[in-house]
Every structure is written in structure tokens, then in C-alpha cells.
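**Q** Below: one structure in C-alpha cells.
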Amino acid sequence: MMAKQNPKVRKMLQAMTEAARVASVMVDGDEAGRIPTERALHYVANPDPNYRSLAGDYYDVDHLTFQRMKKLLFRIERLVDFACNASLWLKTKGKEGHMTLVLHNGSVHRYYRFGGSRIEMPEEMARCMETNEVVVAPLYHESKTLTVLAPVADSLGDVVGVVELSAMHAKAKSIPPAWE
Amino acid sequence: MAPGLVTLTAAPEWVTRDPFGRLKRADVPSQPYGITNNKGAVMLRAARNGYVSFRVLVQGSGEYRLTASIRGGLELDLYKAWYHRMHVEKDARPEYWPDALIPVRGRKPFRLPDPENAIEGQTAQEFWVDIFVPPDTRPGRVTGRIRLVADGEATSLLLRVRVLEKTIPDEPCIVVDHNSYSSGVKQVRRSRLVSERFWRGPVERLHNYYRLFHEHRGLFHNLGYKQSGSLAPIYGPRAQGHGRERNLTDWEPFDLLHGPLLDGSAFATAAPRMPRPRRPARPPYSIYTPFNPAWPADYLWWGDKGYEVEFVRGVRQFDAHLRENGWTDTRMEFFFNHKKRHRSFEWDGDEMKYMSDAGHHRAMIRMWEKATAGSPVPWVYRLDASWQVKNQFDVLGGHRNFWVCGGMVRWYPEEVARVIQRGETVWWYGGAPRVDAGTSSILQNAYLTWARGMHGYCTWSTVNPGRDPWSDCNGSATALLYPGERFRIKGPLPSIRLKVQRNGIQDIDLIDQAAKAADSLDAVRRQVSRAIPIPLWEAPPPNATKLPPEEWDAYNLAEDHEPEHRERKELDPFWWQAIRKLALKQERK
């Protein structure tokens, strides 16, 4: 598949795949699970039908764990020499087949939608978690991103989430305005 | 009505009719109220340096011409109202209500039904009339005329304006603010990031928003950065280098947007097709800055010495740039808008729900004060506070604070008074009414601000009228102006709601000015609040006193905390008349 891509895209994907391998080793699934509070996760899985902002109002995190993870993801995304942003997704406890964004850096993402608490697990995320392998997401997507996913495992070896690494596609006609 | 027969009537500004001549239900007053005398002349009273407004209703069918004139140095602006087709479920009958105002120029004839608005069976068309009374107008009577010609027959409305000695002050006594987020910027190719030519269009669009709100006695705010902290170059310079080498560079796009605002020159020009500027061209009261947790310092270093070095360098360089350009009149807001629910940062900059986040604010305040110590730039630490407003007043106050409080602030009159007493600025925020709400309902916000003794009101979203405000209007509660492109106008259009609000601010300014001159502001506030059936303050719900804010939610408080406009059905549509009367009360010789 990679052979058919233009050289710049291929080079970017290679670099992101390497970074994703580092992420799969460095990111601790148990630590990731301690970032959102239990109550926050409850409302993510069980949004209130009458007050849609309740899940957001009750969203809270452990400061230090969040900071450590955010800084780790900063370092991982800087393993590549182009603008690339990292996001950490965990399985949504109590809502099979859904993923919750725990934290993200920057503004380049494939899956997050503003204000959303969780998403249905995309096929490539499911594949990444089932195989415990780094996965390159489909190249053409409305987000115009190149995206590589790294599995995140806990101390039992169970894959509990993924790290998303996204960069703007080399052929993208426009990019979000940013000074990053 | 017989075909070809067209009639002309005048109506007060607070009365809205649909395209079939029917009154908006929420606008039906408890007592009949008109603005014409028994001879059919429109009778108006106006202070100088401000506007008096009314509506003209043309009813019938066929082609007609409408012109207006005024004497005595007064200036008359005529606008045709657009009837917004309100959103309805499939097969339901839609309602239409006027709001967007299209300036009328030239002598082009109109038609009923209006082919552009395309409402089947339309029999009525509203026009909005603004009469501006320049500050040097001689008090006395001035006449004007609205003239309608249809089917060769002419009919007219005589206007009689009594110009009072009173003069509305140039600067409003309260700030009515209109907020938006990263308006005018969508996506940009990296190669164009510093291209002045590329940014000219978005900057002109933003300047026109600033101009239109300014001319309506308001302020415009446009936050440049996103939840992630990323920002477009017109909102802040590039932060380059690391640690002690961190520098702000590439200022040109930022200066293109901010220079004409901060020196006031942007306001010397009107927005496209709008009347000449009538308000002085002065820098705005306050403005957002691009500072956020990820700019100008790299958040990788948060909590470490590198962060403070980068942060303080960045703020100092920003401050120096303002000073070098002489941009020292506008309050520069150091403001964190991010919320942890959006997952970029672990703390709430905006509407803090958990007091455990206060430490981040304290750290930011400490660094910001260190960076701006001794600067002539009027920096303020803006905090938008809702759940924790009472605690934040205590814990984060005393630092050139600028508080913008959610609706829950109505539970804390004593705390607000104390914060104002210690010299801090207190605004509150909320929404604007929908297009189909009672017309005078928008005036609550300005009234409550002044009557509570607060300094300003922020309407949280004001330039986003929805996907299709013209033929599938969602109520446009998040807009007080509209894009003019549909009418070949390269700038925004004002709304009826914005004009009603402007006229209300004028009234408050007159009352406030007179009360201050008589050294009786508190007494006048009490007098007015006794006459107006809107409670200034309210007791908190029981759970708000029993539980900490961390535990509050829409259920245990029995209310949502979203910034939505509160409709008060008990209010008479003409409730503002008591305030208008007081504002225009004739001076005793």
C-alpha cells in the first residue's frame, strides 16, 4: 500500500509509525485509566437525555496524571520533524464499542468532534486494539489527516486504548490556522 | 384589501408584525399604545447625540415607492426588514418574523409581496426608521416626512420630532458586549500564514463587526485562540525558539487586525452601506489577547522553570509591542477560555467548576503580574465565572480582576458589591433573545446590568445566525447581526434586536448621567427598580447553599447553567416605557 503513495506521504507515515511504536511502549494503560475520575466516566457512558452538558459539567481529571501523560505525548509527537498532534483514547467503560478521548495536544485530529464525550469505535481503532499492532488509518478522510494508531496496554497486557497520531496530509489544500 | 391599494402606518419600536400584518403575540401590550397624534403625525421626543426610532408598516399589494426626509440637521436612516422564515417541522405552517435590516438607498420601487423575501400572500412590509440627532442640534421642533407613492397616488406620514436639550454622553455608562469565537477565519494554507494580502479579507470582515457594534453603543469581542491553544496569525505573533531564546516574531498580520482597533482609526469608517459613523472613533473598551496555556510558552514545560521563562518573556514582548505603538488605551484581557471537558488541559480556565483548578489561575496570575509590573498598558485578569463565582471572588480577587459572571451571580448581591467596592470590574453574561421572542425582551440585559450597579453585559455569541437564517431560521439567538452578501452588501447588516438594545442603552445613559449630576445614582437605581417588575437579585435554590459547587448540576439546582436568554412572560411588552419616560423627562428650567 505504501509503495503507491507519493514519497512525502510515505516518509511521513514511516516517521509516524515509528513514533507510534514508541507510544505503544511508553504509554501506560493503567496510568491512562487514572486520568478521568470515576464520576466523569460514568457520565461519559451515561449521558443525561435532558441536560446534554451534564457529562461536561462533571468531567474532571487527576491533574498530575494528566500533565504527565500530556507531556509524554508532546515528546512522542516531536519524534517526527513535521507538525503532528497526539491524542489518547480509552475504551468507554460501560459502553461497549465506544471510545472516550482522555486528552489531546494541538488542533490536528481525525476523530474528535468539538464537545463530544465519546465516539463509536472506528474500524481501524478496533483493529489496532484487537491485534495490539500499530495501524495506519485509511489515507483518505474528510479530516485531511494522515493518522497512525498505537495500542495502549495495561499491566495485565490488556489493550485498553489507543494513541492517535495525526498530521495534515501532505496533499491537503488547507490546514487549520496555527502557529504550531 | 383591493389590489393596488397600499397604506402607510407608523408603529413603536417594540411592536413587531408579521408579513400579514399580525402582531407578534408577545408584543401585544396590556394597553393600546401608539406614536401618532389624532391627526396621524408621528410624535417623537429625542435627546441629542443619539437616535430615536420607529417602524413604518406598508400594507396592501402591488408596486410602491417609499422615501423619507427630515429637516433641522437631523439624519434619517431607512431600512427594510427581512422576514425570517422560522424553522418548522415538515408540513407545519411556518412563522415569519422581521429582524435583519437592509439599508434602503436610491429610489428603486418595492413590491408587495416582496419578490426577494418570497412569502406567499404577503400583505405587509415593515421598515425601520432611525433618526439621528447630532449633538449640536438646536433644541426645538423638527419635522420630517415619510412618503409613499403607489399606483400614482401619494400618501405620507408627517414626523414631528421634539429635540430636547439633553445630550447623550459619547461613552455609554455600561458596556454591552457582543462576543464571538475566532470569527472570520476558517482554514489557511501554511504558505499564506504571513501574507498580508490573504488576511486583508478576514480582517476587513472583523473590522466591520467591530464598527457595527460600536455604532450601536456596544462592544465586540472576538477570541482568537482555540481550546487547544492554537491561533491564527491575525490573533497573535509567532512564538519561536525555546527557553531564554523564546521570541515573538511576525507581527504584521496581528497588527493588520489590531492596529486600527487599538488606535481607534477603524471606527472612523462605516461598515459597507451603513450610515456615516456617528460615534467618536476611539479605541475599544477592552479586547481579548492570545495568551493561553499553550501560548506563548510551551505547555511541555508547565510547572517547570522553562515555562515561566518563556511565559514571562512572551508577555513582556507583547507588552513592549503595545507600548511601542502607543496602544495603551484599551484594557488588554489576560483570559483563559479553555475548559477541561474539551480535553486539552487539565484545568478550567473558563467557568471553573472545581476549586482544585484555582492553583493554576494563581500560578498564571503570579507570572502575569511579574511580566506586566509597571506597564502603562491597562492589563486586566479576566475570569469568566459561574459555578464557583462566589469562591473565586475571594480566592482569585485583588489582582486587577475583570469578572464576567454567569447568571448565578444573581444569588450574590453582597459579594458583587464588595468586589466592585474594591475596584474590580464586574460584568455578567448570558444570551440574546430569539428573533421570535418578545421584542422588548432584549432590554432586560442592559437594564439588569445598570440597576445592579454592574459594569457590563456580555452576550456570549453574536455573529453566528445559523446555517440559513433567511429561510430556515433557528431563532438566531447567537447573532445580533447578519451577513449582507445576500443583498450584495460586503459587510454585516444590523438587526432590529440590536437597534432596540442601542436605544435602551441610550435611555440608561441619560438616566445615569442625570442621576450622577444630582449625586443620586443609588436613589435613582432604587426608584427605577421599584417600577420595573424584574427582580434584580434572587435567592439561591436550597441546594446551592447546602452543596459545594462541585456537586451542583441541572437537577439539584433545578436549572441549566447554559447562557440562554430568560424570557419573562409576566413583562408587559411596553415595560421599558417607564424607563424611556424617565430618560426623556424634560429638564426643569
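All residue names refer to the C-alpha cells as shown: chains lettered A, B, ... in order, residues numbered from 1 in each chain, ligands numbered from 1 in order.
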Determine, counting only C-alpha atoms, which protein, DNA and RNA residues have an atom within 8 Å of an atom of Asp507 of chain B; residues of the same chain fewer than 6 positions away are not included. Present the result as an MDAnalysis selection string.

**A** chainID B and resid 579:580 583:584

**Q** From segment 429-514 of chain B, collect each residue whose DSSP state is strand (DSSP E) and return the set as a VMD selection string.

**A** chain B and resid 429 to 430 456 to 459 481 to 483 492 to 494

**Q** Hey, list the chain A side of the contact with chain B: 10 Å cut-off, only C-alpha atoms, answer as a ChimeraX atom specification.

**A** /A:35-36,40,50-68,70-75,87-88,101-108,112-117,172-180

**Q** Please produce an output containing N, CA and C atoms for each residue in the selection, written as a compact mmCIF listing (two decimals), in the first residue's frame.

**A**
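Okay, this is what ended up in result.txt:
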```txt
# COMPACT_ATOMS: atom_id res chain seq x y z
N ILE A 35 -6.63 8.91 34.75
CA ILE A 35 -6.75 10.35 34.44
C ILE A 35 -8.18 10.87 34.70
N PRO A 36 -9.20 10.34 34.05
CA PRO A 36 -10.55 10.87 34.35
C PRO A 36 -11.07 10.26 35.65
N ALA A 40 -16.65 11.22 36.24
CA ALA A 40 -16.57 11.73 34.87
C ALA A 40 -16.89 10.61 33.88
N ASN A 50 -31.81 14.77 29.26
CA ASN A 50 -32.41 16.09 29.39
C ASN A 50 -31.38 17.22 29.38
N TYR A 51 -30.23 16.96 29.95
CA TYR A 51 -29.20 18.01 30.04
C TYR A 51 -27.92 17.49 29.39
N ARG A 52 -27.72 17.85 28.15
CA ARG A 52 -26.60 17.27 27.42
C ARG A 52 -25.26 17.75 27.95
N SER A 53 -25.27 18.86 28.70
CA SER A 53 -23.98 19.36 29.19
C SER A 53 -23.56 18.71 30.51
N LEU A 54 -24.38 17.80 31.03
CA LEU A 54 -24.06 17.21 32.33
C LEU A 54 -22.73 16.43 32.30
N ALA A 55 -22.49 15.72 31.21
CA ALA A 55 -21.25 14.95 31.10
C ALA A 55 -20.04 15.89 31.13
N GLY A 56 -20.19 17.04 30.53
CA GLY A 56 -19.10 18.02 30.55
C GLY A 56 -18.96 18.67 31.91
N ASP A 57 -20.10 18.98 32.53
CA ASP A 57 -20.05 19.63 33.85
C ASP A 57 -19.37 18.74 34.89
N TYR A 58 -19.56 17.45 34.75
CA TYR A 58 -18.96 16.53 35.73
C TYR A 58 -17.63 15.97 35.26
N TYR A 59 -17.09 16.51 34.17
CA TYR A 59 -15.82 15.98 33.68
C TYR A 59 -14.68 16.53 34.53
N ASP A 60 -13.94 15.66 35.15
CA ASP A 60 -12.80 16.09 35.96
C ASP A 60 -11.69 15.06 35.81
N VAL A 61 -10.48 15.53 36.06
CA VAL A 61 -9.32 14.65 35.87
C VAL A 61 -8.36 14.79 37.05
N ASP A 62 -7.47 13.83 37.15
CA ASP A 62 -6.38 13.94 38.12
C ASP A 62 -5.28 14.80 37.47
N HIS A 63 -5.00 15.93 38.11
CA HIS A 63 -4.10 16.91 37.48
C HIS A 63 -2.74 16.32 37.11
N LEU A 64 -2.10 15.71 38.09
CA LEU A 64 -0.72 15.29 37.87
C LEU A 64 -0.61 14.18 36.83
N THR A 65 -1.54 13.25 36.88
CA THR A 65 -1.51 12.16 35.90
C THR A 65 -1.76 12.72 34.49
N PHE A 66 -2.70 13.63 34.39
CA PHE A 66 -2.99 14.26 33.10
C PHE A 66 -1.74 14.96 32.57
N GLN A 67 -1.12 15.76 33.44
CA GLN A 67 0.07 16.52 33.00
C GLN A 67 1.17 15.58 32.52
N ARG A 68 1.41 14.52 33.30
CA ARG A 68 2.48 13.58 32.91
C ARG A 68 2.19 12.99 31.53
N LYS A 70 0.20 14.19 29.18
CA LYS A 70 0.23 15.23 28.13
C LYS A 70 1.67 15.51 27.72
N LYS A 71 2.54 15.59 28.69
CA LYS A 71 3.95 15.87 28.38
C LYS A 71 4.59 14.70 27.64
N LEU A 72 4.21 13.50 28.03
CA LEU A 72 4.75 12.33 27.32
C LEU A 72 4.31 12.36 25.86
N LEU A 73 3.05 12.67 25.64
CA LEU A 73 2.55 12.71 24.25
C LEU A 73 3.20 13.85 23.47
N PHE A 74 3.45 14.99 24.14
CA PHE A 74 4.20 16.07 23.48
C PHE A 74 5.54 15.54 22.96
N ARG A 75 6.21 14.82 23.84
CA ARG A 75 7.55 14.33 23.46
C ARG A 75 7.46 13.32 22.31
N SER A 87 -3.28 12.22 20.49
CA SER A 87 -4.49 12.14 21.33
C SER A 87 -4.50 10.77 22.00
N LEU A 88 -5.06 10.71 23.18
CA LEU A 88 -5.17 9.43 23.89
C LEU A 88 -6.64 9.06 24.03
N LEU A 101 -12.19 10.19 24.48
CA LEU A 101 -10.95 10.95 24.41
C LEU A 101 -10.56 11.37 25.82
N VAL A 102 -9.34 11.06 26.20
CA VAL A 102 -8.87 11.42 27.54
C VAL A 102 -8.08 12.72 27.51
N LEU A 103 -7.23 12.86 26.53
CA LEU A 103 -6.54 14.14 26.35
C LEU A 103 -5.98 14.23 24.95
N HIS A 104 -5.73 15.43 24.51
CA HIS A 104 -5.10 15.62 23.20
C HIS A 104 -4.28 16.91 23.20
N ASN A 105 -3.34 16.92 22.28
CA ASN A 105 -2.49 18.10 22.10
C ASN A 105 -2.80 18.72 20.75
N GLY A 106 -2.69 20.04 20.67
CA GLY A 106 -2.81 20.73 19.39
C GLY A 106 -4.20 20.62 18.79
N SER A 107 -4.28 20.95 17.50
CA SER A 107 -5.61 21.05 16.88
C SER A 107 -5.79 20.10 15.70
N VAL A 108 -4.83 19.24 15.43
CA VAL A 108 -4.97 18.32 14.29
C VAL A 108 -5.44 16.95 14.80
N TYR A 112 -11.92 13.44 16.94
CA TYR A 112 -12.60 14.25 17.94
C TYR A 112 -13.53 15.28 17.29
N ARG A 113 -14.70 15.39 17.82
CA ARG A 113 -15.63 16.44 17.40
C ARG A 113 -15.89 17.32 18.59
N PHE A 114 -15.86 18.64 18.38
CA PHE A 114 -15.96 19.59 19.48
C PHE A 114 -17.17 19.28 20.37
N GLY A 115 -16.91 19.18 21.65
CA GLY A 115 -17.99 18.96 22.60
C GLY A 115 -18.38 17.51 22.79
N GLY A 116 -17.83 16.61 21.98
CA GLY A 116 -18.22 15.19 22.07
C GLY A 116 -17.58 14.51 23.27
N SER A 117 -18.31 13.59 23.88
CA SER A 117 -17.79 12.85 25.03
C SER A 117 -17.21 11.51 24.63
N ALA A 172 -2.96 18.02 1.47
CA ALA A 172 -4.13 18.78 1.93
C ALA A 172 -4.06 20.19 1.37
N LYS A 173 -5.20 20.68 0.87
CA LYS A 173 -5.21 22.01 0.27
C LYS A 173 -5.25 23.10 1.33
N SER A 174 -5.72 22.76 2.52
CA SER A 174 -5.77 23.77 3.57
C SER A 174 -5.47 23.11 4.91
N ILE A 175 -5.06 23.91 5.83
CA ILE A 175 -4.74 23.40 7.17
C ILE A 175 -5.38 24.32 8.19
N PRO A 176 -5.60 23.85 9.39
CA PRO A 176 -6.15 24.76 10.40
C PRO A 176 -5.12 25.85 10.69
N PRO A 177 -5.58 27.07 10.90
CA PRO A 177 -4.63 28.12 11.20
C PRO A 177 -3.98 27.88 12.55
N ALA A 178 -2.70 27.90 12.59
CA ALA A 178 -2.00 27.68 13.85
C ALA A 178 -0.56 28.11 13.70
N TRP A 179 0.00 28.50 14.81
CA TRP A 179 1.41 28.87 14.81
C TRP A 179 2.27 27.73 15.31
N GLU A 180 1.66 26.52 15.39
CA GLU A 180 2.44 25.43 15.97
C GLU A 180 3.57 25.04 15.02
```

**Q** Residues at most 8 Å from Met168 of chain A, counting only C-alpha atoms, excluding those fewer than 5 positions away in the same chain, as a short mmCIF file (atom, residue, chain, number, x, y, z; two decimals) with N, CA and C atoms, in the first residue's frame?

**A**
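The resulting file, selection_39.cif, is shown below:
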```cif
data_model
loop_
_atom_site.label_atom_id
_atom_site.label_comp_id
_atom_site.auth_asym_id
_atom_site.auth_seq_id
_atom_site.Cartn_x
_atom_site.Cartn_y
_atom_site.Cartn_z
N ALA A 83 4.68 18.93 11.80
CA ALA A 83 3.64 19.15 12.82
C ALA A 83 2.75 17.92 12.94
N CYS A 84 2.67 17.40 14.14
CA CYS A 84 1.91 16.16 14.38
C CYS A 84 1.32 16.28 15.78
N VAL A 108 -4.83 19.24 15.43
CA VAL A 108 -4.97 18.32 14.29
C VAL A 108 -5.44 16.95 14.80
N LYS A 144 -8.69 15.26 6.33
CA LYS A 144 -7.47 15.53 5.57
C LYS A 144 -6.22 15.24 6.40
N THR A 145 -6.34 14.30 7.31
CA THR A 145 -5.18 13.97 8.13
C THR A 145 -4.56 12.65 7.68
N LEU A 146 -3.27 12.52 7.98
CA LEU A 146 -2.63 11.22 8.00
C LEU A 146 -2.69 10.78 9.45
N ILE A 175 -5.06 23.91 5.83
CA ILE A 175 -4.74 23.40 7.17
C ILE A 175 -5.38 24.32 8.19
#
```

**Q** Pick from B:Asp114, B:Glu63, B:Glu204, B:Glu245: nearest to Asp151 of chain B, with only C-alpha atoms counted?

**A** B:Glu63

**Q** Can you list, as an NGL selection string, every protein, DNA or RNA residue that comes within 9 Å of Phe336 of chain B when you count only C-alpha atoms, leaving out same-chain residues fewer than 6 positions away?

**A** :B and (291-293 or 348-350 or 361 or 382-384)

**Q** Selection from above, N, CA, C and O atoms, as a CSV table (one decimal), in the first residue's frame, can you write it?

**A**
```csv
chain,number,residue,atom,x,y,z
B,291,PHE,N,-3.1,35.1,24.8
B,291,PHE,CA,-2.5,34.3,25.9
B,291,PHE,C,-3.4,33.1,26.3
B,291,PHE,O,-4.6,33.3,26.6
B,292,ASN,N,-2.8,32.0,26.3
B,292,ASN,CA,-3.5,30.8,26.7
B,292,ASN,C,-2.4,29.8,27.3
B,292,ASN,O,-1.2,30.1,27.2
B,293,PRO,N,-2.8,28.7,27.8
B,293,PRO,CA,-1.8,27.8,28.5
B,293,PRO,C,-0.7,27.4,27.5
B,293,PRO,O,0.4,27.1,27.9
B,348,ASP,N,-9.8,24.1,34.3
B,348,ASP,CA,-10.8,25.0,33.6
B,348,ASP,C,-10.3,26.4,33.7
B,348,ASP,O,-10.1,27.0,34.8
B,349,GLY,N,-10.0,27.0,32.6
B,349,GLY,CA,-9.7,28.5,32.5
B,349,GLY,C,-11.0,29.2,32.6
B,349,GLY,O,-11.1,30.2,33.3
B,350,ASP,N,-12.0,28.7,31.9
B,350,ASP,CA,-13.3,29.3,31.8
B,350,ASP,C,-14.3,28.6,32.7
B,350,ASP,O,-14.3,27.3,32.7
B,361,HIS,N,-4.8,29.1,38.1
B,361,HIS,CA,-5.0,30.5,38.0
B,361,HIS,C,-4.0,31.3,38.8
B,361,HIS,O,-3.5,32.3,38.3
B,382,ARG,N,-9.0,38.6,33.3
B,382,ARG,CA,-10.4,38.3,33.1
B,382,ARG,C,-10.7,36.9,33.5
B,382,ARG,O,-10.0,36.0,33.1
B,383,LEU,N,-11.7,36.8,34.3
B,383,LEU,CA,-12.2,35.5,34.7
B,383,LEU,C,-13.7,35.3,34.4
B,383,LEU,O,-14.5,36.1,34.9
B,384,ASP,N,-14.0,34.4,33.6
B,384,ASP,CA,-15.5,34.1,33.3
B,384,ASP,C,-15.9,33.1,34.4
B,384,ASP,O,-15.3,31.9,34.3
```

**Q** Run DSSP on the backbone and tell me which residues of segment 1-200 of chain B come out as alpha helix (DSSP H); list them as an MDAnalysis selection string.

**A** chainID B and resid 196:200

**Q** Quick one: residues within 10 Å of Leu582 of chain B, only C-alpha atoms, excluding same-chain residues fewer than 4 positions away - as a PyMOL selection string?

**A** chain B and resi 507-508+510-511+528+577-578+586

**Q** Closest to Tyr209 of chain B among B:Ala544, B:Leu481, B:Leu448, B:Val56, using only C-alpha atoms?

**A**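 Selected residue with least distance to Tyr209 of chain B: B:Leu481.
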
**Q** Separation of atom CA of Ala539 of chain B and atom CA of Ala432 of chain B, in Å?

**A**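 The value is 23.6 Å.
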
**Q** So which one's closest to Thr439 of chain B, B:Ala451, B:Leu498, B:Ala297, B:Met274? Using only C-alpha atoms, please.

**A**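 Ranked by minimum distance to Thr439 of chain B, first place goes to B:Leu498.
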
**Q** With only C-alpha atoms as the counted atoms, please give the residues lying no more than 12 Å from Cys128 of chain A, apart from itself and same-chain residues fewer than 2 positions off, as a PyMOL selection string.

**A** chain A and resi 20-21+24+89+121-126+130-137+148-153+159-164

**Q** Just to confirm, what's the straight-line distance from atom CA of Pro275 of chain B to atom CA of Thr478 of chain B in Å (one decimal)?

**A** 24.6 Å

**Q** Using only C-alpha atoms, which of A:Glu96, A:Arg118, A:Arg110, A:Phe82 sits nearest Pro47 of chain A?

**A**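 Of A:Glu96, A:Arg118, A:Arg110, A:Phe82, the one nearest Pro47 of chain A, counting only C-alpha atoms, is A:Arg118.
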
**Q** Which residues are near segment 95-109 of chain B? Cut-off 8 Å, only C-alpha atoms, ignore same chain within fewer than 2 positions. Put them as number ranges by chain.

**A** B: 16-19, 63-67, 77-86, 93, 111, 126, 128, 273-274, 435-436, 481-482, 487, 493-497

**Q** Can you check which parts of segment 437-531 of chain B lie within 8 Å of segment 160-170 of chain B? Per residue, the shortest pair of atoms and distance in Å to one decimal, counting only C-alpha atoms, sorted by chain and number, as a Markdown table.

**A**
```
| residue | atom | partner | partner_atom | distance |
| --- | --- | --- | --- | --- |
| B:Gln506 | CA | B:Ile168 | CA | 6.6 |
| B:Asp509 | CA | B:Ile168 | CA | 6.6 |
| B:Leu510 | CA | B:Ile168 | CA | 5.9 |
| B:Gln513 | CA | B:Pro169 | CA | 7.7 |
```

**Q** Can you work out the spacing between atom CA of Asp329 of chain B and atom CA of Gln421 of chain B in Å, to one decimal?

**A** 23.1 Å

**Q** Which is closest to Trp428 of chain B among B:Asp177, B:Glu89, B:Glu120, B:Asp27, if we use only C-alpha atoms?

**A** B:Asp177
